[in-house]
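Q: Before I ask anything, let me first share the structure, which is written out below as structure tokens.
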Amino acid sequence: MIGYGFMGRVHTNAYKRVNDFFPELKYRPILQAVCGRDETKVKAFAEQWGYASHETDWQQLVAREDIDAVDICVPNNLHKEIAIAVAKAGKMVLCEKPLAMDVAGGEEMCQAVEDAGVANTVWYNYRRIPAVSLAKQLVDEGKLGRIYHYRSNFLQDWTIATDVPQGGAATWRLDSAAAGSGVTGDLLAHCIDTAIWLNGSIKDVSAMTETFVKERMHAETKKVESVGIDDACAFMCHFENGSLGLFESTRYARGHKALYTLEINGANASIRWDLHDLNRLEYFDHADDSNVRGWRSIHITEGEMPYMDKWWVPGLSIGYEHSFIHQVADFLANLESGQPTSPTFREALETQAVCDAVLKSGSERAWVNL
């Protein structure tokens, strides 16, 4: 594991729990080493979470012969260099989203893992929330019919205060040099990945972006510097299947900490999902008798539903962290069968291309084709 922040904790939890609930898996993750620049903090993390050792130089970790897979949980500007080095070392690589800073960097990463023939995946975990996985089943089964509309948003409010700094360990997402973009790469990337997975490729985009606070103090230099990331973004798009898309993301929606929603409207039925009520999928079927026709709320706890046979009895819910356990379980199962684990680097590159097009459109105030 490279990185020991929020995602490092979430991923580590998944590695520790996966075989408890998926005992049939042949492979078992061993927490061999965690890497971070601050030796005191990374050592404490290793001791708390049960890693056998710690490193302060990621290159030394990658070179170790007792490491089979490397999980990249560091700021976006470090993804490419580390992932390429891991692939060249012949090791499996799991990378946090977004894949890269831009398509060009992502393509280099794809070439590296493909040339090396190593297993790879990107942590777009929302695919593996059971309600979202069930939505995928309904779409693939044709229950919705022809799709007309896809809409999604991801709203937060944590950067509204003007005294929030940019840069540093806690707020690197506000520093364009480390993050590449703001809400587009951090939040909309999740919405875009899920949309492509559920509804197919995006053909073109028309976007608007805004940076509300133009200058912030940098946490490391203590200097007031220009802000280069987008605080808010909204875009329209056409999907290849002819449907229309509408997406919105912001960190300036007071009262919302992590409101991620999606809705799909088809000729026969509609579905919608809300992260704040993640164990429910709302479903409207026009084929129902008119006297009982209406939105129904499906509680995702039955054993027949995606992943739920691994957890509790019907009626009892699971949480956000379980989506990461599911991704690890799929990754380990696919190692046995020799199958790739979606999204692979190559699949995540499509989301990166949409993000790049959205930023280009917002800057040029014009439609951009993919």
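Every chain in the structure tokens has a letter given in the order shown (A, B, ...), and although residue numbers restart at 1 in each chain, ligands are simply numbered from 1 in the order shown.
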Determine which residues of stretch 156-331 of chain A DSSP labels as alpha helix (DSSP H) from the backbone of this structure, then write them out as a VMD selection string.

A: chain A and resid 168 to 171 176 to 179 183 189 to 199 321 to 331

Q: For A:Asp285, find every residue with an atom within 7 Å (counting only C-alpha atoms), except residues of its own chain fewer than 4 positions away, and show them as a list of chain:residue names.

A: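 Listed by chain and then number, they are A:Asn268, A:Ala269, A:Ser270.
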
Q: So that I can see what lies close to stretch 34-39 of chain A, please list as a short mmCIF file (atom, residue, chain, number, x, y, z; two decimals) with N, CA and C atoms, in the first residue's frame the residues with an atom at most 6 Å from it, counting only C-alpha atoms and leaving out residues fewer than 2 positions away in the same chain.

A:
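And here is the file that came out, selection_33.cif:
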data_model
loop_
_atom_site.label_atom_id
_atom_site.label_comp_id
_atom_site.auth_asym_id
_atom_site.auth_seq_id
_atom_site.Cartn_x
_atom_site.Cartn_y
_atom_site.Cartn_z
N MET A 1 0.85 -1.19 0.00
CA MET A 1 0.00 0.00 0.00
C MET A 1 0.89 1.23 0.00
N ILE A 2 0.65 2.13 -0.98
CA ILE A 2 1.36 3.40 -1.00
C ILE A 2 0.35 4.49 -0.67
N GLY A 3 0.52 5.10 0.50
CA GLY A 3 -0.44 6.08 0.99
C GLY A 3 -1.22 5.51 2.17
N LYS A 41 4.32 8.62 11.17
CA LYS A 41 2.91 8.36 10.88
C LYS A 41 2.71 7.04 10.15
N VAL A 42 3.58 6.74 9.20
CA VAL A 42 3.40 5.49 8.45
C VAL A 42 3.70 4.29 9.34
N LYS A 43 4.63 4.42 10.26
CA LYS A 43 4.93 3.34 11.20
C LYS A 43 3.73 3.09 12.10
N HIS A 54 7.03 -1.19 7.10
CA HIS A 54 6.71 0.08 6.48
C HIS A 54 7.92 0.60 5.73
N GLU A 55 7.66 1.46 4.75
CA GLU A 55 8.71 2.09 3.95
C GLU A 55 8.41 3.58 3.85
N THR A 56 9.45 4.38 3.57
CA THR A 56 9.25 5.81 3.32
C THR A 56 9.61 6.17 1.88
#

Q: List the spatial neighbours of stretch 345-347 of chain A as a list in words - criterion: any atom at most 9 Å away, only C-alpha atoms, same-chain residues fewer than 4 positions off excluded.

A: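 Within the cut-off, the hits are Cys95, Leu99, Gly106, Glu107, Met109, Cys110, Gln111, Val113, Glu114, Asn120, Thr121, Val122, Asp193 and Thr351 of chain A.
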
Q: For the selection just defined, write its residues with all heavy atoms to a file, as a short mmCIF file (atom, residue, chain, number, x, y, z; two decimals), in the first residue's frame.

A:
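result33.cif was written with the following content:
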data_model
loop_
_atom_site.label_atom_id
_atom_site.label_comp_id
_atom_site.auth_asym_id
_atom_site.auth_seq_id
_atom_site.Cartn_x
_atom_site.Cartn_y
_atom_site.Cartn_z
N CYS A 95 -5.19 1.05 -8.56
CA CYS A 95 -4.96 2.49 -8.51
C CYS A 95 -6.22 3.23 -8.15
O CYS A 95 -7.30 2.94 -8.68
CB CYS A 95 -4.43 2.97 -9.86
SG CYS A 95 -3.94 4.71 -9.90
N LEU A 99 -7.82 7.84 -13.00
CA LEU A 99 -6.63 7.10 -13.42
C LEU A 99 -5.39 7.96 -13.44
O LEU A 99 -4.34 7.58 -12.91
CB LEU A 99 -6.88 6.49 -14.80
CG LEU A 99 -5.70 5.74 -15.43
CD1 LEU A 99 -5.35 4.51 -14.61
CD2 LEU A 99 -6.03 5.36 -16.87
N GLY A 106 -2.68 8.78 -18.81
CA GLY A 106 -3.41 7.54 -18.65
C GLY A 106 -3.06 6.53 -19.71
O GLY A 106 -2.97 5.32 -19.44
N GLU A 107 -2.84 7.00 -20.94
CA GLU A 107 -2.45 6.09 -22.02
C GLU A 107 -1.10 5.44 -21.72
O GLU A 107 -0.90 4.25 -21.97
CB GLU A 107 -2.39 6.84 -23.34
CG GLU A 107 -1.97 6.00 -24.52
CD GLU A 107 -2.90 4.84 -24.82
OE1 GLU A 107 -4.13 5.00 -24.71
OE2 GLU A 107 -2.39 3.74 -25.16
N MET A 109 0.06 4.78 -18.80
CA MET A 109 -0.20 3.78 -17.76
C MET A 109 -0.82 2.52 -18.36
O MET A 109 -0.46 1.40 -18.00
CB MET A 109 -1.11 4.38 -16.69
CG MET A 109 -0.50 5.53 -15.92
SD MET A 109 -1.69 6.45 -14.91
CE MET A 109 -2.07 5.25 -13.64
N CYS A 110 -1.76 2.71 -19.28
CA CYS A 110 -2.38 1.56 -19.94
C CYS A 110 -1.35 0.74 -20.70
O CYS A 110 -1.34 -0.50 -20.63
CB CYS A 110 -3.48 2.02 -20.89
SG CYS A 110 -4.94 2.70 -20.09
N GLN A 111 -0.49 1.42 -21.45
CA GLN A 111 0.53 0.72 -22.20
C GLN A 111 1.47 -0.07 -21.28
O GLN A 111 1.86 -1.19 -21.59
CB GLN A 111 1.34 1.71 -23.05
CG GLN A 111 0.60 2.27 -24.24
CD GLN A 111 0.27 1.20 -25.27
OE1 GLN A 111 1.03 0.26 -25.49
NE2 GLN A 111 -0.90 1.32 -25.89
N VAL A 113 0.87 -1.41 -18.22
CA VAL A 113 0.28 -2.63 -17.65
C VAL A 113 -0.01 -3.66 -18.74
O VAL A 113 0.09 -4.87 -18.50
CB VAL A 113 -1.00 -2.32 -16.83
CG1 VAL A 113 -0.67 -1.45 -15.63
CG2 VAL A 113 -2.09 -1.69 -17.68
N GLU A 114 -0.36 -3.18 -19.94
CA GLU A 114 -0.64 -4.11 -21.03
C GLU A 114 0.64 -4.76 -21.54
O GLU A 114 0.67 -5.96 -21.83
CB GLU A 114 -1.39 -3.39 -22.15
CG GLU A 114 -2.81 -3.01 -21.75
CD GLU A 114 -3.47 -1.98 -22.63
OE1 GLU A 114 -2.83 -1.54 -23.62
OE2 GLU A 114 -4.62 -1.59 -22.34
N ASN A 120 -4.69 -5.42 -13.32
CA ASN A 120 -4.84 -4.02 -12.92
C ASN A 120 -6.31 -3.67 -12.79
O ASN A 120 -7.17 -4.26 -13.44
CB ASN A 120 -4.16 -3.11 -13.95
CG ASN A 120 -4.75 -3.27 -15.34
OD1 ASN A 120 -5.69 -2.57 -15.73
ND2 ASN A 120 -4.22 -4.22 -16.11
N THR A 121 -6.58 -2.69 -11.93
CA THR A 121 -7.94 -2.18 -11.78
C THR A 121 -7.88 -0.79 -11.18
O THR A 121 -6.86 -0.39 -10.60
CB THR A 121 -8.80 -3.11 -10.90
OG1 THR A 121 -10.18 -2.76 -11.02
CG2 THR A 121 -8.41 -3.03 -9.44
N VAL A 122 -8.96 -0.03 -11.34
CA VAL A 122 -9.08 1.31 -10.78
C VAL A 122 -10.27 1.31 -9.83
O VAL A 122 -11.32 0.72 -10.13
CB VAL A 122 -9.26 2.37 -11.90
CG1 VAL A 122 -9.44 3.76 -11.30
CG2 VAL A 122 -8.05 2.35 -12.84
N ASP A 193 -18.02 7.27 -14.64
CA ASP A 193 -17.72 5.83 -14.70
C ASP A 193 -18.98 5.00 -14.57
O ASP A 193 -19.22 4.07 -15.35
CB ASP A 193 -16.73 5.44 -13.61
CG ASP A 193 -16.55 3.94 -13.51
OD1 ASP A 193 -15.84 3.36 -14.36
OD2 ASP A 193 -17.17 3.32 -12.62
N THR A 351 -13.27 7.07 -18.99
CA THR A 351 -13.75 8.08 -18.06
C THR A 351 -12.81 9.28 -18.05
O THR A 351 -13.27 10.44 -18.00
CB THR A 351 -13.88 7.49 -16.65
OG1 THR A 351 -14.92 6.50 -16.65
CG2 THR A 351 -14.21 8.55 -15.62
#

Q: Go through A:Ala83, A:Ala258, A:Ile271, A:Ala333 and flag the residue nearest A:Ala135, using only C-alpha atoms for the distances.

A: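 Closest to A:Ala135, using only C-alpha atoms: A:Ile271.
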
Q: Need to verify the contact set: A:Ser206, 8 Å, only C-alpha atoms, exclusion of same-chain residues closer than 3 positions in sequence. Can you return it as a PyMOL selection string?

A: chain A and resi 235-237+358+361-362+365-368

Q: Output as CSV one row per residue of stretch 250-361 of chain A within 12 Å of stretch 9-29 of chain A: the closest atom pair and its distance in Å to one decimal place, counting only C-alpha atoms, sorted by chain and residue number ascending.

A:
residue,atom,partner,partner_atom,distance
A:Tyr307,CA,A:Phe22,CA,9.9
A:Met308,CA,A:Phe21,CA,10.5
A:Asp309,CA,A:Phe21,CA,9.5
A:Lys310,CA,A:Phe21,CA,5.8
A:Trp311,CA,A:Phe21,CA,7.1
A:Trp312,CA,A:Phe21,CA,10.3
A:Gly319,CA,A:Val10,CA,11.9
A:Tyr320,CA,A:Val10,CA,9.4
A:Glu321,CA,A:Val10,CA,6.5
A:His322,CA,A:Ala14,CA,7.4
A:Ser323,CA,A:Ala14,CA,8.7
A:Phe324,CA,A:Ala14,CA,5.7
A:Ile325,CA,A:Ala14,CA,4.3
A:His326,CA,A:Val18,CA,7.6
A:Gln327,CA,A:Ala14,CA,8.5
A:Val328,CA,A:Ala14,CA,6.7
A:Ala329,CA,A:Val18,CA,6.2
A:Asp330,CA,A:Leu25,CA,9.5
A:Phe331,CA,A:Tyr27,CA,9.8
A:Leu332,CA,A:Tyr27,CA,6.1
A:Ala333,CA,A:Leu25,CA,6.2
A:Asn334,CA,A:Leu25,CA,9.9
A:Leu335,CA,A:Tyr27,CA,8.2
A:Glu336,CA,A:Lys26,CA,7.1
A:Ser337,CA,A:Lys26,CA,10.5

Q: Which residues are close to A:Ile160, i.e. within 10 Å by only C-alpha atoms, leaving aside same-chain residues fewer than 5 positions away? Reply as an MDAnalysis selection string.

A: chainID A and resid 212:213 231 251:254

Q: Go ahead and save the residues from that selection, with C-alpha atoms, as a CSV table (one decimal), in the first residue's frame.

A:
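Printed below is selection.csv as written:
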chain,number,residue,atom,x,y,z
A,212,PHE,CA,-15.7,30.6,-6.9
A,213,VAL,CA,-12.7,31.3,-4.6
A,231,ASP,CA,-15.2,24.2,-7.6
A,251,ARG,CA,-18.3,21.5,-3.4
A,252,TYR,CA,-20.5,24.6,-2.7
A,253,ALA,CA,-23.9,23.0,-2.0
A,254,ARG,CA,-24.4,23.8,1.6

Q: Can you tell me which residues surround A:Asn153 at a distance of at most 8 Å, considering only C-alpha atoms, apart from same-chain residues fewer than 2 positions away, and format the answer as a PyMOL selection string?

A: chain A and resi 151+155+188+191+247-249+259-262

Q: Take the residues from that selection and write them out as an mmCIF file, in the first residue's frame, keeping N, CA, C and O atoms.

A:
data_model
loop_
_atom_site.group_PDB
_atom_site.id
_atom_site.type_symbol
_atom_site.label_atom_id
_atom_site.label_comp_id
_atom_site.auth_asym_id
_atom_site.auth_seq_id
_atom_site.Cartn_x
_atom_site.Cartn_y
_atom_site.Cartn_z
ATOM 1 N N ARG A 151 -29.356 11.055 -15.634
ATOM 2 C CA ARG A 151 -28.954 12.258 -14.897
ATOM 3 C C ARG A 151 -28.294 11.855 -13.576
ATOM 4 O O ARG A 151 -28.674 10.863 -12.958
ATOM 5 N N LEU A 155 -22.781 16.174 -4.868
ATOM 6 C CA LEU A 155 -22.734 17.473 -4.211
ATOM 7 C C LEU A 155 -22.064 17.391 -2.845
ATOM 8 O O LEU A 155 -22.356 16.494 -2.055
ATOM 9 N N LEU A 188 -17.170 14.037 -10.288
ATOM 10 C CA LEU A 188 -17.848 13.664 -11.526
ATOM 11 C C LEU A 188 -17.261 12.419 -12.156
ATOM 12 O O LEU A 188 -17.960 11.690 -12.865
ATOM 13 N N CYS A 191 -19.381 9.661 -11.183
ATOM 14 C CA CYS A 191 -20.664 9.684 -11.896
ATOM 15 C C CYS A 191 -20.491 9.212 -13.330
ATOM 16 O O CYS A 191 -21.334 8.469 -13.863
ATOM 17 N N PHE A 247 -25.338 16.103 -15.920
ATOM 18 C CA PHE A 247 -24.483 15.849 -14.761
ATOM 19 C C PHE A 247 -24.158 17.166 -14.054
ATOM 20 O O PHE A 247 -23.949 18.193 -14.698
ATOM 21 N N GLU A 248 -24.069 17.095 -12.725
ATOM 22 C CA GLU A 248 -23.709 18.280 -11.944
ATOM 23 C C GLU A 248 -22.879 17.865 -10.742
ATOM 24 O O GLU A 248 -23.161 16.851 -10.098
ATOM 25 N N SER A 249 -21.857 18.658 -10.457
ATOM 26 C CA SER A 249 -21.075 18.420 -9.257
ATOM 27 C C SER A 249 -20.563 19.747 -8.706
ATOM 28 O O SER A 249 -20.247 20.664 -9.461
ATOM 29 N N LEU A 259 -23.714 13.884 -1.457
ATOM 30 C CA LEU A 259 -24.971 13.520 -2.101
ATOM 31 C C LEU A 259 -24.676 13.070 -3.524
ATOM 32 O O LEU A 259 -24.421 13.883 -4.410
ATOM 33 N N TYR A 260 -24.682 11.768 -3.745
ATOM 34 C CA TYR A 260 -24.468 11.200 -5.072
ATOM 35 C C TYR A 260 -25.754 10.503 -5.483
ATOM 36 O O TYR A 260 -26.210 9.583 -4.805
ATOM 37 N N THR A 261 -26.359 10.965 -6.570
ATOM 38 C CA THR A 261 -27.596 10.360 -7.035
ATOM 39 C C THR A 261 -27.493 10.065 -8.526
ATOM 40 O O THR A 261 -26.707 10.691 -9.260
ATOM 41 N N LEU A 262 -28.294 9.109 -8.972
ATOM 42 C CA LEU A 262 -28.429 8.854 -10.403
ATOM 43 C C LEU A 262 -29.859 8.444 -10.692
ATOM 44 O O LEU A 262 -30.542 7.874 -9.841
#
